[in-house]
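Novice: Questions regarding the structure given below will be posed in turn.
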Amino acid sequence: MPTLEVNETRDIVCYSAVMITTDGVWHKENPLHYSLPLFIVQVMLVVIVTRLFVFILKPFRQPRVISEILGGILLGPSLLGKNKTFAEQVFPKRSVILIETMSNVGILFFMFLVGVGMDTSALSRIGKKAVAIAVVGMVLPFALGSLFATFFIQLSKEEHRSPSYILFLGVVLSVTAFPVLARILAELKLINTEIGNVALSSAIVNDIISWVLLAISVTMVENDKPSVSVLLVSLTSAAFVALNVFAVRPLILWTIRRTPEGEPFSDFFICMILSGLMISGLITDVIGTHALFGAFVFGLAIPNGPLGLTLVERLEDFMSILLLPLFFASSGLKTDLGLLKGFGIWSELLTLVGLSCIGKIVGTIAVAVYYQMSVRDGVVLGLLMNTKGIIEVIVLNIGKEQKVLSEESFASMVIITIIMTGIIVPGITAIYKPSRGIISYKRRTIQASHRDAEFRVLVCIHTPKNVPTMINLLDATNPSKTSPICIYVLHLTELTGHASALLIVHNQNARKSDQTPYNRPQAVSDHIINAFEIYEQNSSNISVQPLTAISPYSSMHEDVCNLAQDKRVAFIILPFHKQQTVDGGMEATNMPFRNVNRNVLAKAPCSVGILVDRGLTVSNHLRPDQKSHHVAVLFFGGPDDREALSYGWRMSENEGIFLSVMRFVNGEEVNHDHSGHTDEPGVLTVETDKDTQKQLDEKLIEWFRTSHLDDDSVVYFEKMVSNGEQTMAAIRSMDDIHDLFIIGKGRGMTSPLTAGLTDWSECPELGAIGDLLASADFSATASVLIVQQYVGVELEEDGLGAPGPDNTVMTNEEYVTQNDHPSTPPREHNLLNEERL
């Protein structure tokens with residue numbers, strides 16, 4: 001039983017050991033007088049209020065921890081708790097012990113999962129830069145905050161002179177919350193950038209130092225003067241860590257190896273792990289550090305892999321949805337903002353926040369400049385390292401429990417945590433624009449790509465069923481010594497649970513062939529990666545970089561577009577959201593992927609193709625003089641069709657490709673041009689964008705035909721049609737020998753040749769002809785590639801039309817004018833660079 005100081009008074013709360021459940025309202029009993037109904041009401045209120053704050057703060061992209069603390073403050077003595085009836089009925093003092101116990105159990109499990117989620121092997125890979133940022137970023141705010149608190153904040157004399165108080169304050173001001181930081185980086189799409197990697201590595205180092213400082217401060221609180229007990233606490237804590245490293249972890253690894261491959265872990269084993277968690281918390285609490293320290297260390301002893309994932313899947317939802325908000329709400333319930341009265345206290349509070357933030361930012365900038373990073377990146381890193389959250393609230397609660405912090409100082413530090421975390425996302429959004437740090441690249445289209453340079457393609461995969469046709473399409477794209485193909489394979493996986501979005505780069509050299517996948521998504525990813533690795537090994541002039549994007553469908557397109565921008569690819573290939581059934585129809589396999597495709601088409605930094613897979617079989621057994629693929633390009637005109645023809649042109653250089661190009665010509669326009677054309681000099685003509693596009697089409701077709709005069713594997717013919725009905729009939733009349741149709745989406749192009757085809761469109765994002773070929777009504781077994789050429793802001797500003805003779809960029813007008821009278825024979829030109837492709 002805790003002892004009372006001289007002249008100290010405390011409230012005495014009486015509990016009834018038998019008033020757990022009520023007999024019912026029909027016996028005229030108030031359910032809130034009983035523990036279980038009261039606890040249920042409290043949990044319901046906490047969840048509802050915190051979710052309300054999550055909804056309100058969502059547009060401001062604030063971390064969930066802020067919403068949960070604000071929910072507790074709303075229910076606490078600062079606002080609703082001021083009402084005496086509400087406080088006595090809903091949150092009476094007799095219920096505090098149950099709320100505190102359950103919230104501490106929740107935070108015990110949370111710290112265990114934090115330890116499970118940390119990759120201990122990553123500690124050996126943390127560079128000097130991250131360590132320097134973590135150390136310097138802690139020293140300055142620690143020193144500034146401690147000095148300011150010592151000399152300026154008006155607290156009790158005992159707190160002024162208490163070294164443990166200054167240590168607690170220093171930890172709160174200088175620590176970085178690793179879990180909250182990871183979620184912020186994922187929200188800002190920075191988790192896979194250089195800044196994100198440095199910030200996460202620094203946060204890991206920061207967390208380790210913080211736990212050491214926290215253990216020291218708890219020891220100092222429980223032992224007023226240095227004594228043998230302090231030494232014993234330190235030695236037993238070190239022995240506990242050693243026990244987990246040298247005994248617990250090897251035992252767990254031995255058990256994992258004994259688990260049959262592909263089988264889940266037994267309930268008995270999971271029960272033993274959870275029992276070990278409780279025992280670890282008990283041991284560290286008994287030896288004098290804290291139960292959370294034991295849970296964290298025990299979590300670190302769990303090896304990464306199947307066991308860690310199983311534990312997260314089983315515990316995270318219940319812990320993060322129910323118990324964790326209860327812990328933060330209980331912190332808010334103990335926060336009384338009414339104690340912070342007067343302008344002086346608030347000004348001192350804001351000054352303390354400003355000094356600690358500035359100290360961490362200045363220290364981070366100094367280290368960043370030393371390691372040749374920009375000042376702007378240093379500021380962003382400094383803001384990120386100011387992330388507060390769970391660890392800080394834990395420290396504050398421990399300080400309040402140990403009487404290191406008074407009611408006033410506890411309330412002020414809770415406000416400090418909210419302010420310092422709340423300013424991070426708006427501050428970074430205003431300062432840091434990722435697009436500024438990316439050098440604009442011009443070869444964003446197939447048409448503008450160098451013929452003698454690497455051709456970069458981003459291939460997105462939904463399921464393993466997409467793999468064979470994708471590989472066959474890439475193999476037909478003519479990888480060569482002069483123009484090898486670099487393939488970035490991105491497996492798109494839906495984010496489930498409450499973890500952060502991830503972009504995983506698979507290191508082929510580090511992957512082990514005998515490593516067992518520990519969940520279905522990883523098994524699917526491994527299957528896809530293995531298929532592309534085998535393709536790379538059995539092919540020449542091909543390089544493959546596999547990646548996995550784990551994110552919600554709503555933001556999955558951002559991962560695709562950011563990766564394409566970062567890798568400077570010229571072409572993104574997406575699988576169609578429908579697949580062919582046994583009877584030849586098209587069935588939607590996953591409708592959310594349709595929205596992903598739409599968003600990529602709208603925001604892609606390069607050209608995009610959507611592949612409708614009806615099987616693109618390989619005929620490796622055929623002789624070289626036989627064609628293994630028959631490809632047809634349907635050309636109506638416009639940027640997308642020119643891009644489609646450029647892709648077909650590249651494929652035609654493959655010896656195994658037979659290419660047919662059908663150009664659809666408007667018969668009415670031809671007749672009108674012959675009857676109404678005049679060359680009289682007195683007639684004023686106005687050249688429109690449609691005329692410019694038509695001239696570009698003519699020049700491209702001219703170069704293409706001239707370049708393939710002697711090529712028997714390329715056939716070009718024109719089909720004169722006048723309306724959509726004739727166009728559909730012409731397409732249906734084509735031979736059934738074609739394996740692949742390549743067409744342009746026709747974005748922004750209106751033509752009578754496709755009139756009426758969009759009236760019954762199922763997928764308008766494919767364009768009129770693309771939707772027709774992809775529909776189940778089109779009785780064909782050929783796959784379809786719908787191509788959209790990139791015409792983004794950068795190209796529009798630069799006027800990029802096609803590369804000139806010296807590989808410089810030319811505008812459309814310059815391109816048309818210069819090519820009205822070409823002075824160089826076509827065969828002497830570089831087909832893909834200087835022929836305006």
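Residues in the structure tokens are numbered from 1 in each chain, the chains being A, B, ... in the order shown, and ligands are numbered from 1 in the order shown.
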Taking a cut-off of 9 Å and counting only C-alpha atoms, can you build a table that, for each residue of segment 380-487 of chain A near segment 318-341 of chain A, reports the nearest atom pair and how far apart they are in Å (one decimal), sorted by chain then residue number, as a Markdown table?

Specialist:
| residue | atom | partner | partner_atom | distance |
| --- | --- | --- | --- | --- |
| A:Ile390 | CA | A:Phe328 | CA | 8.3 |
| A:Val393 | CA | A:Ser331 | CA | 7.4 |
| A:Leu396 | CA | A:Ser331 | CA | 8.7 |
| A:Asn397 | CA | A:Ser331 | CA | 7.2 |
| A:Glu407 | CA | A:Thr335 | CA | 7.5 |
| A:Glu408 | CA | A:Leu339 | CA | 5.8 |
| A:Ser409 | CA | A:Leu340 | CA | 9.0 |
| A:Phe410 | CA | A:Thr335 | CA | 7.0 |
| A:Ala411 | CA | A:Thr335 | CA | 4.9 |
| A:Ser412 | CA | A:Leu340 | CA | 7.3 |
| A:Val414 | CA | A:Thr335 | CA | 7.5 |
| A:Ile415 | CA | A:Leu337 | CA | 8.7 |

Novice: Deliver the residues from the most recent selection as a file, using all heavy atoms, as a PDB file, in the first residue's frame.

Specialist:
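Result file is part-v3.pdb:
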ATOM      1  N   ILE A 390       2.322   7.192 -29.340  1.00  0.00           N
ATOM      2  CA  ILE A 390       2.064   6.150 -28.358  1.00  0.00           C
ATOM      3  C   ILE A 390       3.131   6.102 -27.268  1.00  0.00           C
ATOM      4  O   ILE A 390       2.822   6.052 -26.078  1.00  0.00           O
ATOM      5  CB  ILE A 390       1.956   4.797 -29.081  1.00  0.00           C
ATOM      6  CG1 ILE A 390       0.772   4.857 -30.051  1.00  0.00           C
ATOM      7  CG2 ILE A 390       1.796   3.660 -28.108  1.00  0.00           C
ATOM      8  CD1 ILE A 390       0.709   3.725 -31.029  1.00  0.00           C
ATOM      9  N   VAL A 393       2.802   8.997 -24.806  1.00  0.00           N
ATOM     10  CA  VAL A 393       1.665   8.867 -23.895  1.00  0.00           C
ATOM     11  C   VAL A 393       1.965   7.816 -22.827  1.00  0.00           C
ATOM     12  O   VAL A 393       1.589   7.976 -21.655  1.00  0.00           O
ATOM     13  CB  VAL A 393       0.393   8.516 -24.686  1.00  0.00           C
ATOM     14  CG1 VAL A 393      -0.783   8.323 -23.744  1.00  0.00           C
ATOM     15  CG2 VAL A 393       0.076   9.612 -25.699  1.00  0.00           C
ATOM     16  N   LEU A 396       4.194   9.469 -20.323  1.00  0.00           N
ATOM     17  CA  LEU A 396       3.443  10.406 -19.481  1.00  0.00           C
ATOM     18  C   LEU A 396       2.619   9.660 -18.432  1.00  0.00           C
ATOM     19  O   LEU A 396       2.547  10.084 -17.266  1.00  0.00           O
ATOM     20  CB  LEU A 396       2.529  11.267 -20.355  1.00  0.00           C
ATOM     21  CG  LEU A 396       3.215  12.246 -21.313  1.00  0.00           C
ATOM     22  CD1 LEU A 396       2.181  13.006 -22.132  1.00  0.00           C
ATOM     23  CD2 LEU A 396       4.100  13.216 -20.556  1.00  0.00           C
ATOM     24  N   ASN A 397       1.994   8.568 -18.829  1.00  0.00           N
ATOM     25  CA  ASN A 397       1.192   7.812 -17.871  1.00  0.00           C
ATOM     26  C   ASN A 397       2.060   7.197 -16.779  1.00  0.00           C
ATOM     27  O   ASN A 397       1.666   7.176 -15.607  1.00  0.00           O
ATOM     28  CB  ASN A 397       0.410   6.713 -18.598  1.00  0.00           C
ATOM     29  CG  ASN A 397      -0.872   7.231 -19.233  1.00  0.00           C
ATOM     30  OD1 ASN A 397      -1.912   7.300 -18.595  1.00  0.00           O
ATOM     31  ND2 ASN A 397      -0.778   7.609 -20.492  1.00  0.00           N
ATOM     32  N   GLU A 407      -0.715  17.044 -11.966  1.00  0.00           N
ATOM     33  CA  GLU A 407      -1.863  17.141 -12.871  1.00  0.00           C
ATOM     34  C   GLU A 407      -1.619  18.202 -13.940  1.00  0.00           C
ATOM     35  O   GLU A 407      -1.951  18.018 -15.114  1.00  0.00           O
ATOM     36  CB  GLU A 407      -3.125  17.491 -12.063  1.00  0.00           C
ATOM     37  CG  GLU A 407      -3.539  16.445 -11.048  1.00  0.00           C
ATOM     38  CD  GLU A 407      -4.162  15.222 -11.710  1.00  0.00           C
ATOM     39  OE1 GLU A 407      -4.506  15.308 -12.906  1.00  0.00           O
ATOM     40  OE2 GLU A 407      -4.270  14.181 -11.032  1.00  0.00           O
ATOM     41  N   GLU A 408      -1.036  19.355 -13.527  1.00  0.00           N
ATOM     42  CA  GLU A 408      -0.785  20.439 -14.470  1.00  0.00           C
ATOM     43  C   GLU A 408       0.257  20.045 -15.509  1.00  0.00           C
ATOM     44  O   GLU A 408       0.055  20.264 -16.713  1.00  0.00           O
ATOM     45  CB  GLU A 408      -0.316  21.704 -13.724  1.00  0.00           C
ATOM     46  CG  GLU A 408      -1.364  22.329 -12.813  1.00  0.00           C
ATOM     47  CD  GLU A 408      -1.371  21.672 -11.437  1.00  0.00           C
ATOM     48  OE1 GLU A 408      -0.709  20.626 -11.265  1.00  0.00           O
ATOM     49  OE2 GLU A 408      -2.059  22.209 -10.545  1.00  0.00           O
ATOM     50  N   SER A 409       1.363  19.467 -15.065  1.00  0.00           N
ATOM     51  CA  SER A 409       2.413  19.100 -16.016  1.00  0.00           C
ATOM     52  C   SER A 409       1.957  17.973 -16.934  1.00  0.00           C
ATOM     53  O   SER A 409       2.314  17.934 -18.117  1.00  0.00           O
ATOM     54  CB  SER A 409       3.681  18.688 -15.256  1.00  0.00           C
ATOM     55  OG  SER A 409       3.410  17.632 -14.358  1.00  0.00           O
ATOM     56  N   PHE A 410       1.146  17.040 -16.429  1.00  0.00           N
ATOM     57  CA  PHE A 410       0.622  15.974 -17.280  1.00  0.00           C
ATOM     58  C   PHE A 410      -0.258  16.546 -18.382  1.00  0.00           C
ATOM     59  O   PHE A 410      -0.124  16.179 -19.557  1.00  0.00           O
ATOM     60  CB  PHE A 410      -0.174  14.977 -16.432  1.00  0.00           C
ATOM     61  CG  PHE A 410      -0.788  13.853 -17.221  1.00  0.00           C
ATOM     62  CD1 PHE A 410      -0.036  12.735 -17.560  1.00  0.00           C
ATOM     63  CD2 PHE A 410      -2.115  13.915 -17.641  1.00  0.00           C
ATOM     64  CE1 PHE A 410      -0.596  11.693 -18.286  1.00  0.00           C
ATOM     65  CE2 PHE A 410      -2.678  12.886 -18.370  1.00  0.00           C
ATOM     66  CZ  PHE A 410      -1.918  11.767 -18.694  1.00  0.00           C
ATOM     67  N   ALA A 411      -1.163  17.459 -18.017  1.00  0.00           N
ATOM     68  CA  ALA A 411      -2.043  18.081 -19.010  1.00  0.00           C
ATOM     69  C   ALA A 411      -1.237  18.855 -20.053  1.00  0.00           C
ATOM     70  O   ALA A 411      -1.513  18.790 -21.253  1.00  0.00           O
ATOM     71  CB  ALA A 411      -3.052  19.003 -18.323  1.00  0.00           C
ATOM     72  N   SER A 412      -0.225  19.584 -19.595  1.00  0.00           N
ATOM     73  CA  SER A 412       0.580  20.385 -20.535  1.00  0.00           C
ATOM     74  C   SER A 412       1.339  19.483 -21.505  1.00  0.00           C
ATOM     75  O   SER A 412       1.451  19.789 -22.699  1.00  0.00           O
ATOM     76  CB  SER A 412       1.555  21.276 -19.762  1.00  0.00           C
ATOM     77  OG  SER A 412       2.484  20.487 -19.031  1.00  0.00           O
ATOM     78  N   VAL A 414       0.474  16.451 -22.489  1.00  0.00           N
ATOM     79  CA  VAL A 414      -0.471  15.865 -23.437  1.00  0.00           C
ATOM     80  C   VAL A 414      -0.732  16.843 -24.577  1.00  0.00           C
ATOM     81  O   VAL A 414      -0.781  16.465 -25.763  1.00  0.00           O
ATOM     82  CB  VAL A 414      -1.780  15.475 -22.731  1.00  0.00           C
ATOM     83  CG1 VAL A 414      -2.862  15.103 -23.744  1.00  0.00           C
ATOM     84  CG2 VAL A 414      -1.551  14.303 -21.792  1.00  0.00           C
ATOM     85  N   ILE A 415      -0.896  18.120 -24.245  1.00  0.00           N
ATOM     86  CA  ILE A 415      -1.090  19.142 -25.273  1.00  0.00           C
ATOM     87  C   ILE A 415       0.150  19.245 -26.157  1.00  0.00           C
ATOM     88  O   ILE A 415       0.052  19.409 -27.382  1.00  0.00           O
ATOM     89  CB  ILE A 415      -1.421  20.500 -24.625  1.00  0.00           C
ATOM     90  CG1 ILE A 415      -2.734  20.401 -23.853  1.00  0.00           C
ATOM     91  CG2 ILE A 415      -1.515  21.592 -25.679  1.00  0.00           C
ATOM     92  CD1 ILE A 415      -3.910  19.997 -24.705  1.00  0.00           C
TER      93      ILE A 415
END

Novice: From segment 465-500 of chain A, collect each residue whose DSSP state is strand (DSSP E or B) and return the set as a ChimeraX atom specification.

Specialist: /A:485-494

Novice: May I have the residues within 10 Å of Ala132 of chain A as a list in words, using only C-alpha atoms and disregarding those fewer than 3 positions away in the same chain?

Specialist: Gly127, Lys128, Lys129, Val135, Val136, Gly137, Met138, Ser202, Val205, Gly363, Thr364, Ala366, Val367, Ala368 and Tyr371 of chain A

Novice: Which residues are near segment 573-579 of chain A? Cut-off 8 Å, only C-alpha atoms, ignore same chain within fewer than 4 positions. Put them as a PyMOL selection string.

Specialist: chain A and resi 457-462+466+586-591+593-594+597+608-614

Novice: When you look at Glu454 of chain A with a cut-off of 10 Å (counting only C-alpha atoms), what residues show up, excluding the ones that are within fewer than 3 positions of it in the same chain? I need them as a PDB file with C-alpha atoms, in the first residue's frame.

Specialist:
ATOM      1  CA  SER A 449      11.855   6.154 -76.990  1.00  0.00           C
ATOM      2  CA  HIS A 450      15.356   5.694 -78.373  1.00  0.00           C
ATOM      3  CA  ARG A 451      15.746   2.707 -80.596  1.00  0.00           C
ATOM      4  CA  VAL A 457       8.276  -1.277 -68.965  1.00  0.00           C
ATOM      5  CA  PRO A 479      14.377  -7.288 -76.702  1.00  0.00           C
ATOM      6  CA  SER A 480      17.747  -6.854 -78.416  1.00  0.00           C
ATOM      7  CA  LYS A 481      21.337  -5.949 -77.645  1.00  0.00           C
ATOM      8  CA  THR A 482      20.841  -2.404 -78.879  1.00  0.00           C
ATOM      9  CA  SER A 483      17.518  -1.998 -77.079  1.00  0.00           C
ATOM     10  CA  PRO A 484      17.204  -4.377 -74.106  1.00  0.00           C
ATOM     11  CA  ILE A 485      14.013  -4.398 -72.074  1.00  0.00           C
ATOM     12  CA  CYS A 486      14.030  -3.583 -68.370  1.00  0.00           C
ATOM     13  CA  ASN A 541      18.541  -8.885 -73.264  1.00  0.00           C
ATOM     14  CA  ILE A 542      15.955  -8.991 -70.471  1.00  0.00           C
ATOM     15  CA  VAL A 569       9.464   3.866 -67.583  1.00  0.00           C
TER      16      VAL A 569
END
